[in-house]
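A.B. asks: Structure provided below as structure tokens; questions to follow.
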Amino acid sequence: MSLLEDLKATSELKTFTDEQLIQLADEVRVKLLESVSESGGHFASNLGVVELAVAIHAVYDTPTDKLIWDVSHQSYPHKILTGRADRMNTIRQKNGLSGFTRREESEYDSFIAGHASTSISAAMGFACARDARGEDHKVVAVVGDGAMTGGLCYEGMNHLGGAKKDMLIILNDNSWAISRTVGALSKYLTGIMTDERFNKLRSEVWDLTGKFKRRESIRETVRRLEKSFKTLVQPGALFEHLGLRYFGPIDGNDIPLLRKTLTELREMSGPKVLHVFTKKGKGYPRAEEDALKFYAVTPFDLKTGKMHPKPKSLPAYTSVFGDAIVELGEKNKNLNVITAAMPTGSGVLPFGEKYPKRYHDVGIAEEHGVCFTAGLAAGGVRPLFAVYSSFLQRGYDQVMHDIALQNLPAILCLDRAGIVGADGPTHHGVFDLSYMQTAPNFTVTAPKDGNELRSLLRYAIEEDIGGPISIRYPRGSVPTEIKPGFEPIAWGKWEVLREGSELCILAVGTMVINALAAANKVLAETGKSITVINARFVKPVDTETLKQVADSHAAIMTIEENALLGGFGSTISRMMHESRYSGQVINCGIPDEFIWHGGVEELWRDIGLDSDSLAQKMITALKDSSHTTRTNGKRGILDRLGFGKQGQRPRIHKTAETETLVSDLTTPGRSSSAGS
């Protein structure tokens, strides 16, 4: 008999015996193994919290009691237990289950989370809302020790300890975050008494006491003092000082113990912390042995642990970036690289291994990471902070206040820019062009391919750029082969890839290849050639080229994988309006809504950024522009923009290298959405 298949509501778990709960946990783990090996997704961390999820739902009255999972990438067992087991094979797929908790998906999902360290603050909000409404349900936050490297956790605990609200924090300690957890707290949690100075002092005291006649009595006193010192610095002391009652640590994979402890804690009022140890990857030996490899997986063979082969593709942008900074770091001893607990995901681990003294992992603390980067720059080194686009949103104030205001030569490298696919709206990097453009002094760039990424990195690291710079690039594979060395780049200048008439496309980053493909389709269908420009410098705008474009084209279309509000297109529209441009300006980008999870190509089609959709928009723009009477004339707009002389038609130059590049970028079968 399958307990999981017969489970209709979590309230039924209260009638289960411990043995039945253990059986249910085994069934949940099997379901997890089967579904994730088929669909891919977060894996090792979910295997580790199966028993914890079962015990929580067996003790608490969910969904009346509120359960908030930090990050929530480890909420798969929770989803299986709450009526979604039969849909687990759809996880992270378009129209399927989210890889994180989602309020619209289930009443059991109290709060959405895709970034770390939010659960305690959110749970505190639930507790205060409960009390304000005169309700009496319980509130539980499950937070991983990796998230405890983020300052938001301590802000929440400080508030909780002062307000004395009835709430439980479960600290899920597996000694890992995504990679091994770094920072003082992790060491505090897992290996306090390893300090060399402490042990040297202990040894010297021990040797000294051996010289006394009553050495055994004296040494016993020393033992007691050492024990008292250990008690003082144990994790519980930190929480107790914040006003939270601390319990544990206990085995987080022992269901009877968890059930007994949680039942007792549920009856206790006030703020509490339960510290549990769980085994990441539990139940699947390969994941237990290599939790990093099995942190997040693509579909794989359960028997062998081997990932299903992917179609051969060019290297990922992240890999190209990582190779470039290692190469540049050999020559530039002043280069320091920073990551916020994502050394593998951001591609900086090889740099850290080769140049450990110039490598800094600040933990899951993007705000600190940005301010720390500013301090490094002010201190005289050239710092490069590699961070996901959506994660940098958390450090926006530091970007503005600490870097931009002081005009410091810091380099922000924004990985996962644009649509990222299966991770959905918490990870789509579709706002950075908007928020980075608002920061004075910043140069904002977006390379069209891996070679241009390398060129921008070299220039930013080796040249005096006169201030800070952001470089955004996507998650997928580069669209062209990587060339040796670093190609020269005309700093601040756009690149004309194809010259046409009537309509000019200003494409940014990943959209360059889509724009070129769309222009090819328009040429085949209408016989009209369209100008395509790689607008790799988003800020400051290449005004010289823009002025030429405005004078020679009846319509301008911007294409970006970024929010339309405040994005590159918004800037161009404003500039054209201010210059009284009489032609059309069409902006293509991300609409004013959150885009949910799915394949990159699928999502591009949904929002109209795939080459087919763009081609149709271009054809419509050509038709509209042919009916537009440019009353001010081409020469007039050029004159108003303050460029050139009346009667002189601007010329847009291309090089032989540009022609080769266009051919490379439009080679069939190369997609910037490929890769991991």
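FYI, nothing fancy with the structure tokens labels: chains A, B, ... in order, residues from 1 per chain, ligands from 1 as they appear.
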Between segment 1-38 of chain A and segment 237-260 of chain A, at 9 Å or less, what are the per-residue closest atom pairs and their distances in Å? Count only C-alpha atoms, order by chain and rising residue number, and return it as a Markdown table.
C.D. replies:
```
| residue | atom | partner | partner_atom | distance |
| --- | --- | --- | --- | --- |
| A:Asp18 | CA | A:Pro256 | CA | 5.8 |
| A:Glu19 | CA | A:Pro256 | CA | 8.6 |
| A:Leu21 | CA | A:Ile255 | CA | 7.3 |
| A:Ile22 | CA | A:Ile255 | CA | 6.6 |
| A:Ala25 | CA | A:Ile255 | CA | 8.8 |
```
A.B. asks: DSSP on the backbone, strand (DSSP E) only: what residues of segment 422-558 of chain A does that give? Format it as a ChimeraX atom specification.
C.D. replies: /A:443-445,469-472,495-498,502-507,531-534,537-539,553-558
A.B. asks: Go ahead and dump the residues you just picked, N, CA and C atoms, as a compact mmCIF listing (two decimals), in the first residue's frame.
C.D. replies:
```txt
# COMPACT_ATOMS: atom_id res chain seq x y z
N THR A 443 29.39 53.22 -16.87
CA THR A 443 29.32 52.77 -18.25
C THR A 443 28.60 51.44 -18.24
N VAL A 444 27.55 51.32 -19.06
CA VAL A 444 26.71 50.12 -19.07
C VAL A 444 26.87 49.43 -20.41
N THR A 445 27.31 48.18 -20.40
CA THR A 445 27.61 47.48 -21.66
C THR A 445 26.94 46.11 -21.72
N ILE A 469 31.97 50.33 -14.32
CA ILE A 469 31.37 49.74 -15.52
C ILE A 469 30.59 48.50 -15.15
N SER A 470 29.48 48.27 -15.82
CA SER A 470 28.76 47.00 -15.70
C SER A 470 28.77 46.31 -17.06
N ILE A 471 28.98 44.99 -17.03
CA ILE A 471 28.99 44.17 -18.24
C ILE A 471 27.98 43.05 -18.03
N ARG A 472 26.94 43.00 -18.85
CA ARG A 472 25.90 41.96 -18.70
C ARG A 472 26.04 40.91 -19.79
N GLU A 495 28.54 49.18 -33.15
CA GLU A 495 29.10 48.44 -34.28
C GLU A 495 28.01 48.22 -35.34
N VAL A 496 28.23 48.73 -36.52
CA VAL A 496 27.28 48.55 -37.62
C VAL A 496 27.54 47.19 -38.27
N LEU A 497 26.58 46.29 -38.16
CA LEU A 497 26.73 44.94 -38.70
C LEU A 497 26.17 44.82 -40.11
N ARG A 498 25.16 45.60 -40.41
CA ARG A 498 24.55 45.53 -41.74
C ARG A 498 23.92 46.88 -42.04
N GLU A 502 15.61 52.90 -44.68
CA GLU A 502 14.29 53.07 -44.07
C GLU A 502 14.25 52.69 -42.60
N LEU A 503 14.62 51.42 -42.27
CA LEU A 503 14.51 50.96 -40.89
C LEU A 503 15.89 50.60 -40.35
N CYS A 504 16.18 51.09 -39.13
CA CYS A 504 17.44 50.74 -38.45
C CYS A 504 17.12 50.02 -37.15
N ILE A 505 17.80 48.90 -36.91
CA ILE A 505 17.64 48.13 -35.69
C ILE A 505 18.81 48.42 -34.76
N LEU A 506 18.53 48.82 -33.54
CA LEU A 506 19.54 48.97 -32.50
C LEU A 506 19.34 47.81 -31.52
N ALA A 507 20.18 46.79 -31.64
CA ALA A 507 20.01 45.58 -30.84
C ALA A 507 21.06 45.53 -29.73
N THR A 531 19.14 48.07 -41.72
CA THR A 531 20.36 48.36 -40.97
C THR A 531 20.28 47.70 -39.60
N VAL A 532 21.33 46.97 -39.24
CA VAL A 532 21.39 46.33 -37.92
C VAL A 532 22.65 46.80 -37.22
N ILE A 533 22.48 47.35 -36.02
CA ILE A 533 23.60 47.89 -35.25
C ILE A 533 23.68 47.18 -33.90
N ASN A 534 24.88 46.79 -33.55
CA ASN A 534 25.17 46.21 -32.24
C ASN A 534 25.39 47.36 -31.26
N PHE A 537 27.24 49.52 -26.26
CA PHE A 537 27.34 50.50 -25.18
C PHE A 537 25.97 51.11 -24.97
N VAL A 538 25.33 50.70 -23.88
CA VAL A 538 23.98 51.17 -23.58
C VAL A 538 24.03 52.56 -22.94
N LYS A 539 25.08 52.78 -22.15
CA LYS A 539 25.29 54.08 -21.52
C LYS A 539 26.80 54.29 -21.37
N HIS A 553 17.26 57.28 -41.65
CA HIS A 553 16.24 56.24 -41.56
C HIS A 553 14.92 56.82 -41.10
N ALA A 554 13.86 56.31 -41.69
CA ALA A 554 12.51 56.79 -41.35
C ALA A 554 11.97 56.13 -40.09
N ALA A 555 12.62 55.06 -39.63
CA ALA A 555 12.15 54.37 -38.42
C ALA A 555 13.34 53.74 -37.71
N ILE A 556 13.26 53.71 -36.38
CA ILE A 556 14.29 53.10 -35.54
C ILE A 556 13.60 52.10 -34.62
N MET A 557 14.14 50.90 -34.56
CA MET A 557 13.60 49.88 -33.66
C MET A 557 14.69 49.45 -32.68
N THR A 558 14.39 49.49 -31.38
CA THR A 558 15.32 49.00 -30.37
C THR A 558 14.87 47.61 -29.92
```
A.B. asks: What's around segment 152-168 of chain A at 6 Å? Count only C-alpha atoms, leave out sequence neighbours fewer than 2 positions away in its own chain, and write the answer as a PyMOL selection string.
C.D. replies: chain A and resi 117+120-121+139-140+150+242-244+269-273
A.B. asks: Hey, could you make a per-residue contact list for segment 501-618 of chain A against segment 408-423 of chain A with 10 Å as the cut-off, showing the nearest pair of atoms and its distance in Å to one decimal, counting only C-alpha atoms, sorted by chain and number, as a tab-separated table?
C.D. replies:
```
residue	atom	partner	partner_atom	distance
A:Gly509	CA	A:Gly418	CA	9.3
A:Thr510	CA	A:Gly418	CA	8.0
A:Met511	CA	A:Gly418	CA	9.7
A:Glu560	CA	A:Gly418	CA	8.7
A:Glu561	CA	A:Gly418	CA	5.1
A:Asn562	CA	A:Gly418	CA	6.2
A:Ala563	CA	A:Gly418	CA	9.3
A:Ile590	CA	A:Gly418	CA	9.1
A:Ile595	CA	A:Ile419	CA	8.3
A:Trp596	CA	A:Gly421	CA	8.3
A:His597	CA	A:Ala422	CA	4.8
A:Gly598	CA	A:Ala422	CA	5.0
A:Gly599	CA	A:Gly421	CA	4.9
A:Val600	CA	A:Gly421	CA	4.8
A:Glu601	CA	A:Gly421	CA	8.5
A:Glu602	CA	A:Gly421	CA	8.7
A:Leu603	CA	A:Gly421	CA	7.6
A:Trp604	CA	A:Ile419	CA	8.0
```
A.B. asks: Could you write those residues out with C-alpha atoms, as an mmCIF file, in the first residue's frame?
C.D. replies:
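Heads up, here's the output in part-v1.cif:
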```cif
data_model
loop_
_atom_site.group_PDB
_atom_site.id
_atom_site.type_symbol
_atom_site.label_atom_id
_atom_site.label_comp_id
_atom_site.auth_asym_id
_atom_site.auth_seq_id
_atom_site.Cartn_x
_atom_site.Cartn_y
_atom_site.Cartn_z
ATOM 1 C CA GLY A 509 23.529 41.936 -26.292
ATOM 2 C CA THR A 510 21.715 38.630 -26.815
ATOM 3 C CA MET A 511 19.245 40.263 -29.174
ATOM 4 C CA GLU A 560 16.666 44.385 -25.761
ATOM 5 C CA GLU A 561 16.239 41.455 -23.373
ATOM 6 C CA ASN A 562 15.342 43.841 -20.571
ATOM 7 C CA ALA A 563 12.256 45.526 -19.162
ATOM 8 C CA ILE A 590 10.202 42.627 -21.769
ATOM 9 C CA ILE A 595 7.811 36.261 -16.857
ATOM 10 C CA TRP A 596 7.365 32.753 -15.430
ATOM 11 C CA HIS A 597 9.516 29.711 -16.036
ATOM 12 C CA GLY A 598 9.974 27.743 -19.249
ATOM 13 C CA GLY A 599 12.493 27.211 -22.020
ATOM 14 C CA VAL A 600 14.294 30.347 -23.198
ATOM 15 C CA GLU A 601 13.097 29.963 -26.787
ATOM 16 C CA GLU A 602 9.535 29.342 -25.560
ATOM 17 C CA LEU A 603 9.564 32.460 -23.431
ATOM 18 C CA TRP A 604 11.112 34.545 -26.210
#
```
A.B. asks: From the list A:Pro315, A:Gly151, A:Gly144, A:Pro383, which residue is nearest Thr339 of chain A when using only C-alpha atoms?
C.D. replies: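 Closest candidate: A:Pro383.
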A.B. asks: Would you list the contacts of Gly40 of chain A as number ranges by chain, taking every protein, DNA or RNA residue within 9 Å and counting only C-alpha atoms, but skipping same-chain residues closer than 5 positions in sequence?
C.D. replies: A: 35, 89, 91-92, 296-300
A.B. asks: Can you tell me which residues surround Ile56 of chain A at a distance of at most 8 Å, considering only C-alpha atoms, apart from same-chain residues fewer than 4 positions away, and format the answer as a ChimeraX atom specification?
C.D. replies: /A:52,60,259,262
A.B. asks: Restricting the output to N, CA and C atoms, write the selected residues as a PDB file, in the first residue's frame.
C.D. replies:
```
ATOM      1  N   LEU A  52      12.577  16.137   7.349  1.00  0.00           N
ATOM      2  CA  LEU A  52      12.196  17.399   7.983  1.00  0.00           C
ATOM      3  C   LEU A  52      10.839  17.870   7.475  1.00  0.00           C
ATOM      4  N   TYR A  60       2.520  20.301  12.473  1.00  0.00           N
ATOM      5  CA  TYR A  60       1.838  21.592  12.323  1.00  0.00           C
ATOM      6  C   TYR A  60       0.572  21.460  11.478  1.00  0.00           C
ATOM      7  N   ARG A 259       9.745  14.684  15.303  1.00  0.00           N
ATOM      8  CA  ARG A 259       8.320  14.782  15.655  1.00  0.00           C
ATOM      9  C   ARG A 259       8.153  15.147  17.128  1.00  0.00           C
ATOM     10  N   LEU A 262       9.478  18.857  17.685  1.00  0.00           N
ATOM     11  CA  LEU A 262       8.580  19.852  17.103  1.00  0.00           C
ATOM     12  C   LEU A 262       7.256  19.928  17.856  1.00  0.00           C
TER      13      LEU A 262
END
```
A.B. asks: Identify, on the basis of only C-alpha atoms, every residue whose closest approach to Glu487 of chain A does not exceed 12 Å; exclude the query and any residue fewer than 6 positions from it along the same chain; express the result as an mmCIF file with C-alpha atoms, in the first residue's frame.
C.D. replies:
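out-v9.cif was written with the following content:
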```cif
data_model
loop_
_atom_site.group_PDB
_atom_site.id
_atom_site.type_symbol
_atom_site.label_atom_id
_atom_site.label_comp_id
_atom_site.auth_asym_id
_atom_site.auth_seq_id
_atom_site.Cartn_x
_atom_site.Cartn_y
_atom_site.Cartn_z
ATOM 1 C CA GLY A 450 31.954 35.765 -26.186
ATOM 2 C CA ASN A 451 34.752 37.516 -28.058
ATOM 3 C CA GLU A 452 33.234 40.898 -27.354
ATOM 4 C CA LEU A 453 32.825 39.913 -23.704
ATOM 5 C CA ARG A 454 36.542 39.174 -23.569
ATOM 6 C CA SER A 455 37.340 42.512 -25.233
ATOM 7 C CA LEU A 456 35.200 44.459 -22.756
ATOM 8 C CA LEU A 457 36.789 42.648 -19.823
ATOM 9 C CA ARG A 458 40.308 43.350 -21.023
ATOM 10 C CA TYR A 459 39.557 47.023 -21.562
ATOM 11 C CA GLU A 657 35.630 41.869 -40.215
#
```
A.B. asks: Taking the DSSP secondary structure from the backbone, can you list the residues of segment 487-602 of chain A that are helix (DSSP H, G or I), as a VMD selection string?
C.D. replies: chain A and resid 511 to 526 543 to 552 568 to 578 600 to 602
A.B. asks: Between A:Lys354, A:Arg394, A:Arg475, A:Lys279, which has the minimum distance to His368 of chain A (counting only C-alpha atoms)?
C.D. replies: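 Closest to His368 of chain A of all the choices is A:Arg394.
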A.B. asks: Do a neighbour search on Pro591 of chain A at 8 Å with only C-alpha atoms, toss out local chain neighbours closer than 5 positions, and write the hits as a ChimeraX atom specification.
C.D. replies: /A:563-565,607
A.B. asks: Smallest atom-to-atom distance to Ala535 of chain A: which of A:Ile572, A:Met618, A:Leu523, A:Val478, using only C-alpha atoms?
C.D. replies: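 Closest candidate: A:Ile572.
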A.B. asks: Expressed in Å to a single decimal, how great is the separation between atom CA of Gly283 of chain A and atom CA of Thr344 of chain A?
C.D. replies: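 For atom CA of Gly283 of chain A relative to atom CA of Thr344 of chain A, the distance reads 24.5 Å.
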A.B. asks: Tell me which of A:Ala460, A:Ala446, A:Leu292, A:Ala524 sits closest to Arg382 of chain A, counting only C-alpha atoms.
C.D. replies: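 The answer is A:Ala460, which sits nearest to Arg382 of chain A.
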A.B. asks: How many Å lie between atom CA of Met342 of chain A and atom CA of Arg536 of chain A, rounded to one decimal?
C.D. replies: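 The value is 26.2 Å.
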A.B. asks: Which distance in Å separates atom CA of Val541 of chain A and atom CA of Asp464 of chain A, to one decimal?
C.D. replies: 19.0 Å
A.B. asks: Quick one: of A:Asn174, A:His428, A:Val49, A:Thr318, who's nearest to Glu593 of chain A, counting only C-alpha atoms?
C.D. replies: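 Closest to Glu593 of chain A of all the choices is A:His428.
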